[in-house]
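work_18.tsv (TSV, C-alpha atoms and all ligand atoms)
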chain	number	residue	atom	x	y	z
A	1	MET	CA	-5.88	-26.56	-29.04
A	2	PRO	CA	-4.59	-27.23	-32.59
A	3	GLY	CA	-4.58	-24.37	-35.07
A	4	THR	CA	-6.53	-24.04	-38.27
A	5	ASN	CA	-5.81	-26.24	-41.29
A	6	THR	CA	-7.30	-23.72	-43.67
A	7	PHE	CA	-4.55	-21.25	-44.44
A	8	GLU	CA	-3.53	-19.67	-47.71
A	9	ASP	CA	-0.32	-18.30	-49.20
A	10	VAL	CA	-1.25	-15.03	-50.86
A	11	LYS	CA	0.62	-12.26	-52.64
A	12	ALA	CA	-0.48	-9.22	-50.66
A	13	THR	CA	-0.08	-5.57	-51.62
A	14	ILE	CA	1.29	-3.27	-48.94
A	15	VAL	CA	-1.38	-0.58	-48.73
A	16	GLN	CA	0.22	1.54	-46.03
A	17	THR	CA	3.31	1.61	-43.81
A	18	ARG	CA	2.98	3.87	-40.79
A	19	CYS	CA	5.71	4.52	-38.18
A	20	VAL	CA	4.26	4.60	-34.67
A	21	SER	CA	7.57	4.92	-32.79
A	22	SER	CA	11.30	5.00	-33.51
A	23	ASP	CA	11.38	1.24	-34.23
A	24	VAL	CA	7.75	0.12	-34.64
A	25	SER	CA	5.60	0.35	-37.77
A	26	ILE	CA	2.05	-0.71	-38.58
A	27	ILE	CA	1.90	-2.33	-42.01
A	28	THR	CA	-1.45	-2.67	-43.76
A	29	LEU	CA	-1.77	-5.56	-46.22
A	30	ASP	CA	-4.53	-6.26	-48.71
A	31	CYS	CA	-5.32	-9.95	-48.24
A	32	PRO	CA	-9.07	-10.59	-48.34
A	33	SER	CA	-8.94	-14.37	-47.85
A	34	ILE	CA	-6.84	-14.12	-44.68
A	35	ALA	CA	-8.86	-11.17	-43.37
A	36	ALA	CA	-12.07	-13.18	-43.85
A	37	THR	CA	-11.04	-16.11	-41.67
A	38	ALA	CA	-8.58	-14.64	-39.14
A	39	LYS	CA	-9.30	-14.87	-35.41
A	40	PRO	CA	-7.60	-13.01	-32.54
A	41	GLY	CA	-4.36	-14.79	-31.64
A	42	ASN	CA	-3.72	-16.07	-35.17
A	43	PHE	CA	-0.49	-15.09	-36.87
A	44	VAL	CA	0.86	-14.85	-40.42
A	45	ASN	CA	4.25	-15.94	-41.77
A	46	VAL	CA	5.62	-13.28	-44.12
A	47	LYS	CA	8.33	-13.51	-46.78
A	48	VAL	CA	9.46	-9.93	-46.28
A	49	ASN	CA	11.13	-9.64	-49.70
A	50	SER	CA	11.70	-11.68	-52.85
A	51	SER	CA	15.42	-12.31	-52.32
A	52	THR	CA	17.07	-15.18	-50.45
A	53	GLN	CA	18.23	-12.82	-47.69
A	54	PRO	CA	16.55	-13.51	-45.35
A	55	LEU	CA	15.72	-16.99	-46.62
A	56	LEU	CA	12.98	-17.78	-44.10
A	57	ARG	CA	9.68	-16.10	-43.49
A	58	ARG	CA	9.04	-14.17	-40.29
A	59	PRO	CA	5.96	-14.70	-38.04
A	60	PHE	CA	3.76	-11.78	-36.94
A	61	SER	CA	0.52	-11.60	-34.97
A	62	ILE	CA	-2.52	-10.20	-36.71
A	63	HIS	CA	-2.86	-6.76	-35.12
A	64	ASN	CA	-6.14	-5.71	-36.71
A	65	VAL	CA	-8.60	-6.70	-39.44
A	66	GLN	CA	-10.61	-4.13	-41.38
A	67	GLY	CA	-12.62	-5.44	-44.31
A	68	ASN	CA	-10.18	-6.95	-46.81
A	69	LEU	CA	-7.18	-5.54	-44.96
A	70	ILE	CA	-5.03	-6.91	-42.16
A	71	GLU	CA	-2.63	-4.81	-40.10
A	72	ILE	CA	0.66	-6.07	-38.70
A	73	MET	CA	2.54	-4.20	-35.96
A	74	VAL	CA	6.26	-4.78	-36.51
A	75	LYS	CA	9.17	-3.96	-34.22
A	76	SER	CA	12.45	-3.69	-36.08
A	77	ILE	CA	14.94	-5.91	-34.23
A	78	GLY	CA	16.97	-7.49	-37.05
A	79	CYS	CA	17.35	-8.03	-40.76
A	80	GLY	CA	13.83	-9.35	-41.59
A	81	THR	CA	11.84	-6.92	-39.47
A	82	ALA	CA	13.94	-3.95	-40.66
A	83	LEU	CA	13.32	-4.86	-44.30
A	84	PHE	CA	9.59	-5.31	-43.64
A	85	CYS	CA	9.34	-1.92	-41.89
A	86	GLU	CA	11.12	-0.27	-44.85
A	87	SER	CA	8.73	-1.82	-47.44
A	88	GLN	CA	7.36	0.58	-50.01
A	89	GLU	CA	3.63	1.12	-50.26
A	90	GLY	CA	2.37	-0.61	-53.42
A	91	SER	CA	4.96	-3.40	-53.24
A	92	THR	CA	3.95	-7.00	-52.53
A	93	VAL	CA	4.92	-9.66	-50.02
A	94	MET	CA	3.94	-13.33	-49.70
A	95	VAL	CA	1.75	-13.88	-46.65
A	96	LEU	CA	0.90	-17.34	-45.29
A	97	GLY	CA	-2.06	-17.46	-42.93
A	98	PRO	CA	-4.04	-17.31	-40.83
A	99	LEU	CA	-1.82	-19.65	-38.78
A	100	GLY	CA	-1.86	-21.10	-35.29
A	101	ASN	CA	-4.71	-21.28	-32.85
A	102	CYS	CA	-6.55	-18.37	-31.28
A	103	PHE	CA	-7.43	-16.93	-27.88
A	104	THR	CA	-10.30	-18.87	-26.29
A	105	ILE	CA	-13.21	-16.56	-25.52
A	106	PRO	CA	-15.50	-18.24	-22.97
A	107	ASP	CA	-19.10	-18.35	-24.17
A	108	HIS	CA	-20.75	-17.89	-20.77
A	109	ASP	CA	-20.20	-16.49	-17.29
A	110	PHE	CA	-17.57	-14.03	-18.44
A	111	LYS	CA	-17.92	-10.27	-18.04
A	112	THR	CA	-14.46	-8.69	-17.94
A	113	ALA	CA	-11.37	-9.35	-20.06
A	114	LEU	CA	-7.98	-8.17	-18.89
A	115	LEU	CA	-5.55	-7.83	-21.79
A	116	VAL	CA	-2.04	-7.88	-20.35
A	117	SER	CA	0.82	-7.09	-22.70
A	118	GLY	CA	4.45	-6.07	-22.71
A	119	GLY	CA	6.44	-4.36	-25.47
A	120	ILE	CA	5.58	-5.61	-28.96
A	121	GLY	CA	3.35	-8.20	-27.20
A	122	THR	CA	0.63	-5.55	-27.47
A	123	ALA	CA	0.42	-6.35	-31.21
A	124	PRO	CA	-2.44	-8.94	-31.05
A	125	MET	CA	-4.51	-6.98	-28.52
A	126	LEU	CA	-6.41	-4.59	-30.83
A	127	PHE	CA	-8.02	-7.41	-32.84
A	128	LEU	CA	-8.82	-9.23	-29.57
A	129	GLU	CA	-10.25	-6.10	-27.93
A	130	LYS	CA	-12.53	-5.38	-30.90
A	131	THR	CA	-13.79	-8.98	-30.95
A	132	LEU	CA	-14.49	-9.00	-27.19
A	133	ALA	CA	-16.14	-5.58	-27.23
A	134	ALA	CA	-18.44	-6.71	-30.07
A	135	GLN	CA	-19.65	-9.45	-27.70
A	136	GLY	CA	-20.41	-6.92	-24.96
A	137	ILE	CA	-17.45	-7.92	-22.79
A	138	LYS	CA	-15.74	-5.19	-20.78
A	139	VAL	CA	-12.07	-4.84	-21.76
A	140	ILE	CA	-9.26	-3.41	-19.64
A	141	ASN	CA	-5.74	-3.18	-21.08
A	142	LEU	CA	-2.73	-3.42	-18.79
A	143	ILE	CA	0.32	-2.47	-20.84
A	144	GLY	CA	3.93	-2.63	-19.74
A	145	GLY	CA	7.28	-1.47	-21.08
A	146	ARG	CA	10.74	-0.56	-19.92
A	147	THR	CA	10.08	3.15	-20.56
A	148	LYS	CA	7.13	5.17	-21.87
A	149	GLU	CA	8.68	4.95	-25.38
A	150	ASP	CA	8.08	1.15	-25.31
A	151	LEU	CA	4.33	1.45	-24.66
A	152	LEU	CA	2.25	0.65	-27.74
A	153	ALA	CA	-1.36	1.58	-27.01
A	154	GLN	CA	-2.47	2.75	-30.48
A	155	ASN	CA	-6.28	2.61	-30.71
A	156	LEU	CA	-6.68	0.51	-27.55
A	157	SER	CA	-9.20	1.66	-24.96
A	158	ASN	CA	-9.30	1.65	-21.18
A	159	CYS	CA	-5.48	1.41	-20.84
A	160	ARG	CA	-3.47	1.35	-17.63
A	161	PHE	CA	0.30	1.54	-17.96
A	162	ALA	CA	3.35	0.25	-16.12
A	163	THR	CA	6.95	1.22	-16.85
A	164	ASP	CA	10.10	-0.17	-15.26
A	165	ASP	CA	11.52	3.35	-14.88
A	166	GLY	CA	8.25	5.02	-13.82
A	167	SER	CA	8.30	7.37	-16.85
A	168	LEU	CA	4.57	6.72	-17.36
A	169	GLY	CA	1.94	5.15	-15.15
A	170	PHE	CA	2.72	2.64	-12.43
A	171	LYS	CA	6.44	2.17	-11.63
A	172	GLY	CA	7.15	-1.56	-11.88
A	173	THR	CA	6.25	-4.50	-14.07
A	174	VAL	CA	2.86	-5.03	-15.63
A	175	VAL	CA	2.38	-8.01	-13.28
A	176	ASP	CA	2.99	-5.69	-10.30
A	177	LEU	CA	0.38	-3.37	-11.82
A	178	LEU	CA	-2.05	-6.27	-12.09
A	179	ARG	CA	-1.44	-7.21	-8.44
A	180	ASN	CA	-2.18	-3.59	-7.53
A	181	GLU	CA	-5.34	-3.21	-9.62
A	182	LEU	CA	-6.87	-6.67	-9.27
A	183	PRO	CA	-8.91	-6.07	-6.10
A	184	ASP	CA	-10.86	-3.27	-7.87
A	185	ILE	CA	-11.12	-5.10	-11.19
A	186	GLU	CA	-12.40	-8.32	-9.60
A	187	ASN	CA	-15.48	-6.41	-8.45
A	188	ASP	CA	-16.43	-6.05	-12.14
A	189	GLY	CA	-17.44	-9.74	-12.37
A	190	THR	CA	-16.03	-12.96	-13.79
A	191	LEU	CA	-12.57	-12.43	-15.24
A	192	LYS	CA	-10.34	-13.91	-17.87
A	193	LEU	CA	-6.83	-12.71	-18.72
A	194	PHE	CA	-5.25	-12.73	-22.18
A	195	ALA	CA	-1.53	-12.05	-22.37
A	196	CYS	CA	1.33	-11.60	-24.81
A	197	GLY	CA	4.84	-10.36	-24.13
A	198	PRO	CA	8.34	-11.45	-23.19
A	199	ASN	CA	8.70	-14.92	-21.65
A	200	PRO	CA	9.72	-13.70	-18.14
A	201	MET	CA	6.57	-11.55	-18.04
A	202	LEU	CA	4.39	-14.47	-19.15
A	203	LYS	CA	5.94	-16.80	-16.57
A	204	ALA	CA	5.39	-14.30	-13.74
A	205	LEU	CA	1.82	-13.78	-14.93
A	206	ALA	CA	1.17	-17.52	-15.16
A	207	ASN	CA	2.40	-18.00	-11.58
A	208	PHE	CA	0.19	-15.14	-10.42
A	209	CYS	CA	-2.94	-16.46	-12.18
A	210	ASN	CA	-2.39	-20.10	-11.31
A	211	GLU	CA	-2.01	-19.30	-7.59
A	212	ARG	CA	-5.32	-17.40	-7.67
A	213	HIS	CA	-7.14	-19.80	-10.04
A	214	ILE	CA	-7.72	-17.03	-12.59
A	215	ALA	CA	-8.25	-18.19	-16.18
A	216	CYS	CA	-5.49	-16.93	-18.45
A	217	ASP	CA	-4.39	-17.52	-22.04
A	218	VAL	CA	-0.81	-16.65	-22.97
A	219	SER	CA	0.51	-16.15	-26.49
A	220	LEU	CA	4.10	-17.38	-26.71
A	221	GLU	CA	6.95	-16.67	-29.10
A	222	SER	CA	9.61	-19.00	-30.44
A	223	VAL	CA	11.88	-19.08	-33.44
A	224	MET	CA	9.79	-20.26	-36.39
A	225	GLY	CA	10.61	-21.48	-39.88
A	226	CYS	CA	7.72	-22.85	-41.88
A	227	GLY	CA	4.85	-21.87	-39.55
A	228	ILE	CA	2.85	-24.96	-40.58
A	229	GLY	CA	4.30	-27.93	-38.69
A	230	ILE	CA	6.95	-29.14	-41.14
A	231	CYS	CA	10.36	-27.90	-39.96
A	232	TYR	CA	10.07	-28.64	-36.20
A	233	GLY	CA	11.82	-25.32	-35.55
A	234	CYS	CA	9.26	-24.12	-33.03
A	235	SER	CA	9.10	-26.96	-30.51
A	236	VAL	CA	8.46	-25.92	-26.91
A	237	GLU	CA	7.75	-27.92	-23.77
A	238	ILE	CA	4.42	-27.53	-22.00
A	239	ASN	CA	2.98	-29.08	-18.85
A	240	THR	CA	0.56	-31.98	-19.08
A	241	PRO	CA	-2.43	-32.30	-16.74
A	242	ASN	CA	-0.84	-35.34	-15.00
A	243	GLY	CA	2.28	-33.43	-13.93
A	244	GLY	CA	4.59	-34.31	-16.83
A	245	VAL	CA	5.77	-32.29	-19.79
A	246	ARG	CA	5.30	-32.80	-23.51
A	247	THR	CA	6.67	-31.09	-26.59
A	248	ILE	CA	4.40	-29.18	-28.95
A	249	LEU	CA	4.99	-27.37	-32.20
A	250	LEU	CA	4.05	-23.83	-31.28
A	251	CYS	CA	3.00	-22.97	-34.83
A	252	ARG	CA	0.34	-25.72	-34.76
A	253	GLU	CA	-0.73	-26.07	-31.12
A	254	GLY	CA	-0.02	-22.42	-30.21
A	255	ALA	CA	0.97	-19.76	-30.20
A	256	VAL	CA	-1.77	-19.42	-27.54
A	257	ILE	CA	-1.76	-21.84	-24.60
A	258	ASP	CA	-3.54	-21.98	-21.26
A	259	ALA	CA	-1.27	-20.37	-18.64
A	260	LYS	CA	-1.55	-23.56	-16.55
A	261	LEU	CA	0.41	-25.36	-19.30
A	262	LEU	CA	3.32	-22.90	-19.33
A	263	VAL	CA	6.50	-24.41	-17.86
A	264	VAL	CA	7.60	-21.77	-15.35
B	1	LIG	C1	3.72	-16.34	-33.13
B	1	LIG	C2	4.63	-15.12	-33.19
B	1	LIG	C3	4.06	-13.88	-33.33
B	1	LIG	C4	4.89	-12.75	-33.41
B	1	LIG	N1	4.29	-11.53	-33.56
B	1	LIG	C5	5.06	-10.44	-33.73
B	1	LIG	C6	4.44	-9.18	-33.97
B	1	LIG	O1	3.22	-9.04	-34.04
B	1	LIG	N2	5.27	-8.11	-34.17
B	1	LIG	C7	6.63	-8.22	-34.11
B	1	LIG	O2	7.32	-7.22	-34.31
B	1	LIG	N3	7.23	-9.41	-33.86
B	1	LIG	C8	6.48	-10.52	-33.69
B	1	LIG	N4	7.08	-11.73	-33.48
B	1	LIG	C9	8.55	-11.77	-33.41
B	1	LIG	C10	9.12	-11.69	-34.83
B	1	LIG	O3	8.75	-12.83	-35.56
B	1	LIG	C11	10.65	-11.59	-34.74
B	1	LIG	O4	10.97	-10.35	-34.17
B	1	LIG	C12	11.27	-11.69	-36.11
B	1	LIG	O5	11.13	-13.01	-36.61
B	1	LIG	C13	12.74	-11.33	-36.05
B	1	LIG	O6	13.22	-11.39	-37.38
B	1	LIG	P1	14.50	-10.51	-37.81
B	1	LIG	O7	14.97	-11.07	-39.10
B	1	LIG	O8	14.20	-9.06	-37.77
B	1	LIG	O9	15.51	-10.76	-36.65
B	1	LIG	P2	16.76	-11.79	-36.67
B	1	LIG	O10	17.82	-11.15	-37.50
B	1	LIG	O11	16.26	-13.12	-37.05
B	1	LIG	O12	17.14	-11.74	-35.18
B	1	LIG	C14	17.62	-10.54	-34.55
B	1	LIG	C15	17.76	-10.80	-33.07
B	1	LIG	O13	16.45	-10.99	-32.49
B	1	LIG	C16	16.36	-12.25	-31.87
B	1	LIG	N5	15.01	-12.77	-32.14
B	1	LIG	C17	14.56	-13.35	-33.27
B	1	LIG	N6	13.28	-13.72	-33.16
B	1	LIG	C18	12.90	-13.37	-31.92
B	1	LIG	C19	11.70	-13.50	-31.18
B	1	LIG	N7	10.62	-14.13	-31.66
B	1	LIG	N8	11.69	-13.00	-29.92
B	1	LIG	C20	12.76	-12.41	-29.38
B	1	LIG	N9	13.93	-12.27	-30.04
B	1	LIG	C21	14.00	-12.75	-31.27
B	1	LIG	C22	17.44	-13.10	-32.50
B	1	LIG	O14	17.85	-14.13	-31.61
B	1	LIG	C23	18.53	-12.09	-32.75
B	1	LIG	O15	19.26	-11.84	-31.60
B	1	LIG	C24	6.30	-12.88	-33.36
B	1	LIG	C25	6.87	-14.14	-33.21
B	1	LIG	C26	6.05	-15.24	-33.13
B	1	LIG	C27	6.65	-16.61	-32.98
B	2	LIG	S1	7.67	-23.35	-37.50
B	2	LIG	FE1	8.06	-25.15	-38.66
B	2	LIG	S2	7.19	-26.70	-37.41
B	2	LIG	FE2	6.60	-24.87	-36.40
Just give me the structure of the file as structure tokens.
Amino acid sequence: MPGTNTFEDVKATIVQTRCVSSDVSIITLDCPSIAATAKPGNFVNVKVNSSTQPLLRRPFSIHNVQGNLIEIMVKSIGCGTALFCESQEGSTVMVLGPLGNCFTIPDHDFKTALLVSGGIGTAPMLFLEKTLAAQGIKVINLIGGRTKEDLLAQNLSNCRFATDDGSLGFKGTVVDLLRNELPDIENDGTLKLFACGPNPMLKALANFCNERHIACDVSLESVMGCGIGICYGCSVEINTPNGGVRTILLCREGAVIDAKLLVV
């Protein structure tokens, strides 16, 4: 599904920067126009400072929306994310958004949403959970990480955890946890899964869901430049319904795709 054409480039004030772990911060930005139109699964492309280093913007999921404010959960992994996490409250950044498409929330016959995330892939889940809960849909979060330090469950409800090293919750991957929990969860009614995380996790999850005919949306990541379909930096291959593959620009036709379309 193509993304929105109605995005804006706004100068946003950083209202708050809050560390939630050794390398993850939640950054609150004042951008009323983006907050007003954002949907779960959308992302923003942020020029993290006013210099040419880094030259390109960096894409981030919208973690939460509260009134005129949006929150971004940022994991520091390189130059751009480190600079963004170190931003001073009161400073400004250019924010382009909301970009991309959104998670598809079925409008009937849908009682339980399973939000499956790994690492910083948990970032879009709070906004999604709040939107689903407002529609009376039961939400269960399955959250995975290598160790308990990688689990990012801030403000999420009904969370079940998996860690590779067993330091918290189920010992194994979040897909193993899903396999373990699914028989009980399926009794709760019609299901849909929504997922974001590292590509190997998403591929394993897509295989799992496709074999069982469970509806699942996955939010992918790729390197991005412009975020609006100009630079062709974000092309990825997806399956077509007739068994072929085609190339999409993830910033326009993603970042959310049906798990059946993921090339595994
Ligand atoms: C649609 C979308 C939504 C995203 N949402 C979030 C989010 O909510 N929070 C968040 O923290 N990050 C998110 N990311 C990832 C984030 O954009 C990258 O971490 C960031 O661009 C890295 O910039 P950098 O300058 O810090 O790292 P760089 O200096 O550019 O790179 C440092 C290292 O990280 C690798 N790298 C760069 N980008 C990625 C990536 N996307 N995935 C894995 N490795 C990468 C590079 O290859 C390099 O090895 C998202 C990405 C996309 C495409
Ligand atoms: S990021 Fe430029 S075309 Fe998608």
Leaving out region 90-107 of chain A and any residue of its chain fewer than 3 positions from it, which residues lie within 7 Å of it when counting all atoms listed in the file, given as an NGL selection string?
:A and (1-4 or 7-15 or 34 or 38-49 or 110 or 217 or 251-256)
Please identify every polymer residue within 6 Å of ligand LIG 2 (chain B), using only C-alpha atoms and all ligand atoms, and present the set as an MDAnalysis selection string.
chainID A and resid 224:234 249:251
Environment of ligand LIG 1 (chain B) within 7 Å, counting only C-alpha atoms and all ligand atoms, reported as number ranges by chain
A: 43, 54, 58-63, 72-82, 120-121, 123-124, 220-224, 251, 255
Record the distance separating CA of Thr147 (chain A) and CA of Ala162 (chain A), expressed in Å with one decimal.
8.6 Å
In Å, with one decimal, what is the gap from CA of Leu191 (chain A) to CA of Ala133 (chain A)?
14.3 Å
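Candidate residues A:Asp23, A:Glu89, A:Glu237, A:Glu149 were compared for distance to Val263 (chain A), and the nearest is A:Glu237, using only C-alpha atoms.
Nearest to Lys138 (chain A) of all the residues A:Asn155, A:Leu115, A:Asp176, A:Leu168 is A:Leu115, based on only C-alpha atoms.
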So which residues touch Met201 (chain A) within 8 Å, counting only C-alpha atoms, skipping near sequence neighbours fewer than 5 positions away, as a short mmCIF file (atom, residue, chain, number, x, y, z; two decimals) with C-alpha atoms, in the frame of the given file?
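Below is the file that was written, selection23.cif:
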data_model
loop_
_atom_site.label_atom_id
_atom_site.label_comp_id
_atom_site.auth_asym_id
_atom_site.auth_seq_id
_atom_site.Cartn_x
_atom_site.Cartn_y
_atom_site.Cartn_z
CA GLY A 118 4.45 -6.07 -22.71
CA VAL A 174 2.86 -5.03 -15.63
CA VAL A 175 2.38 -8.01 -13.28
#
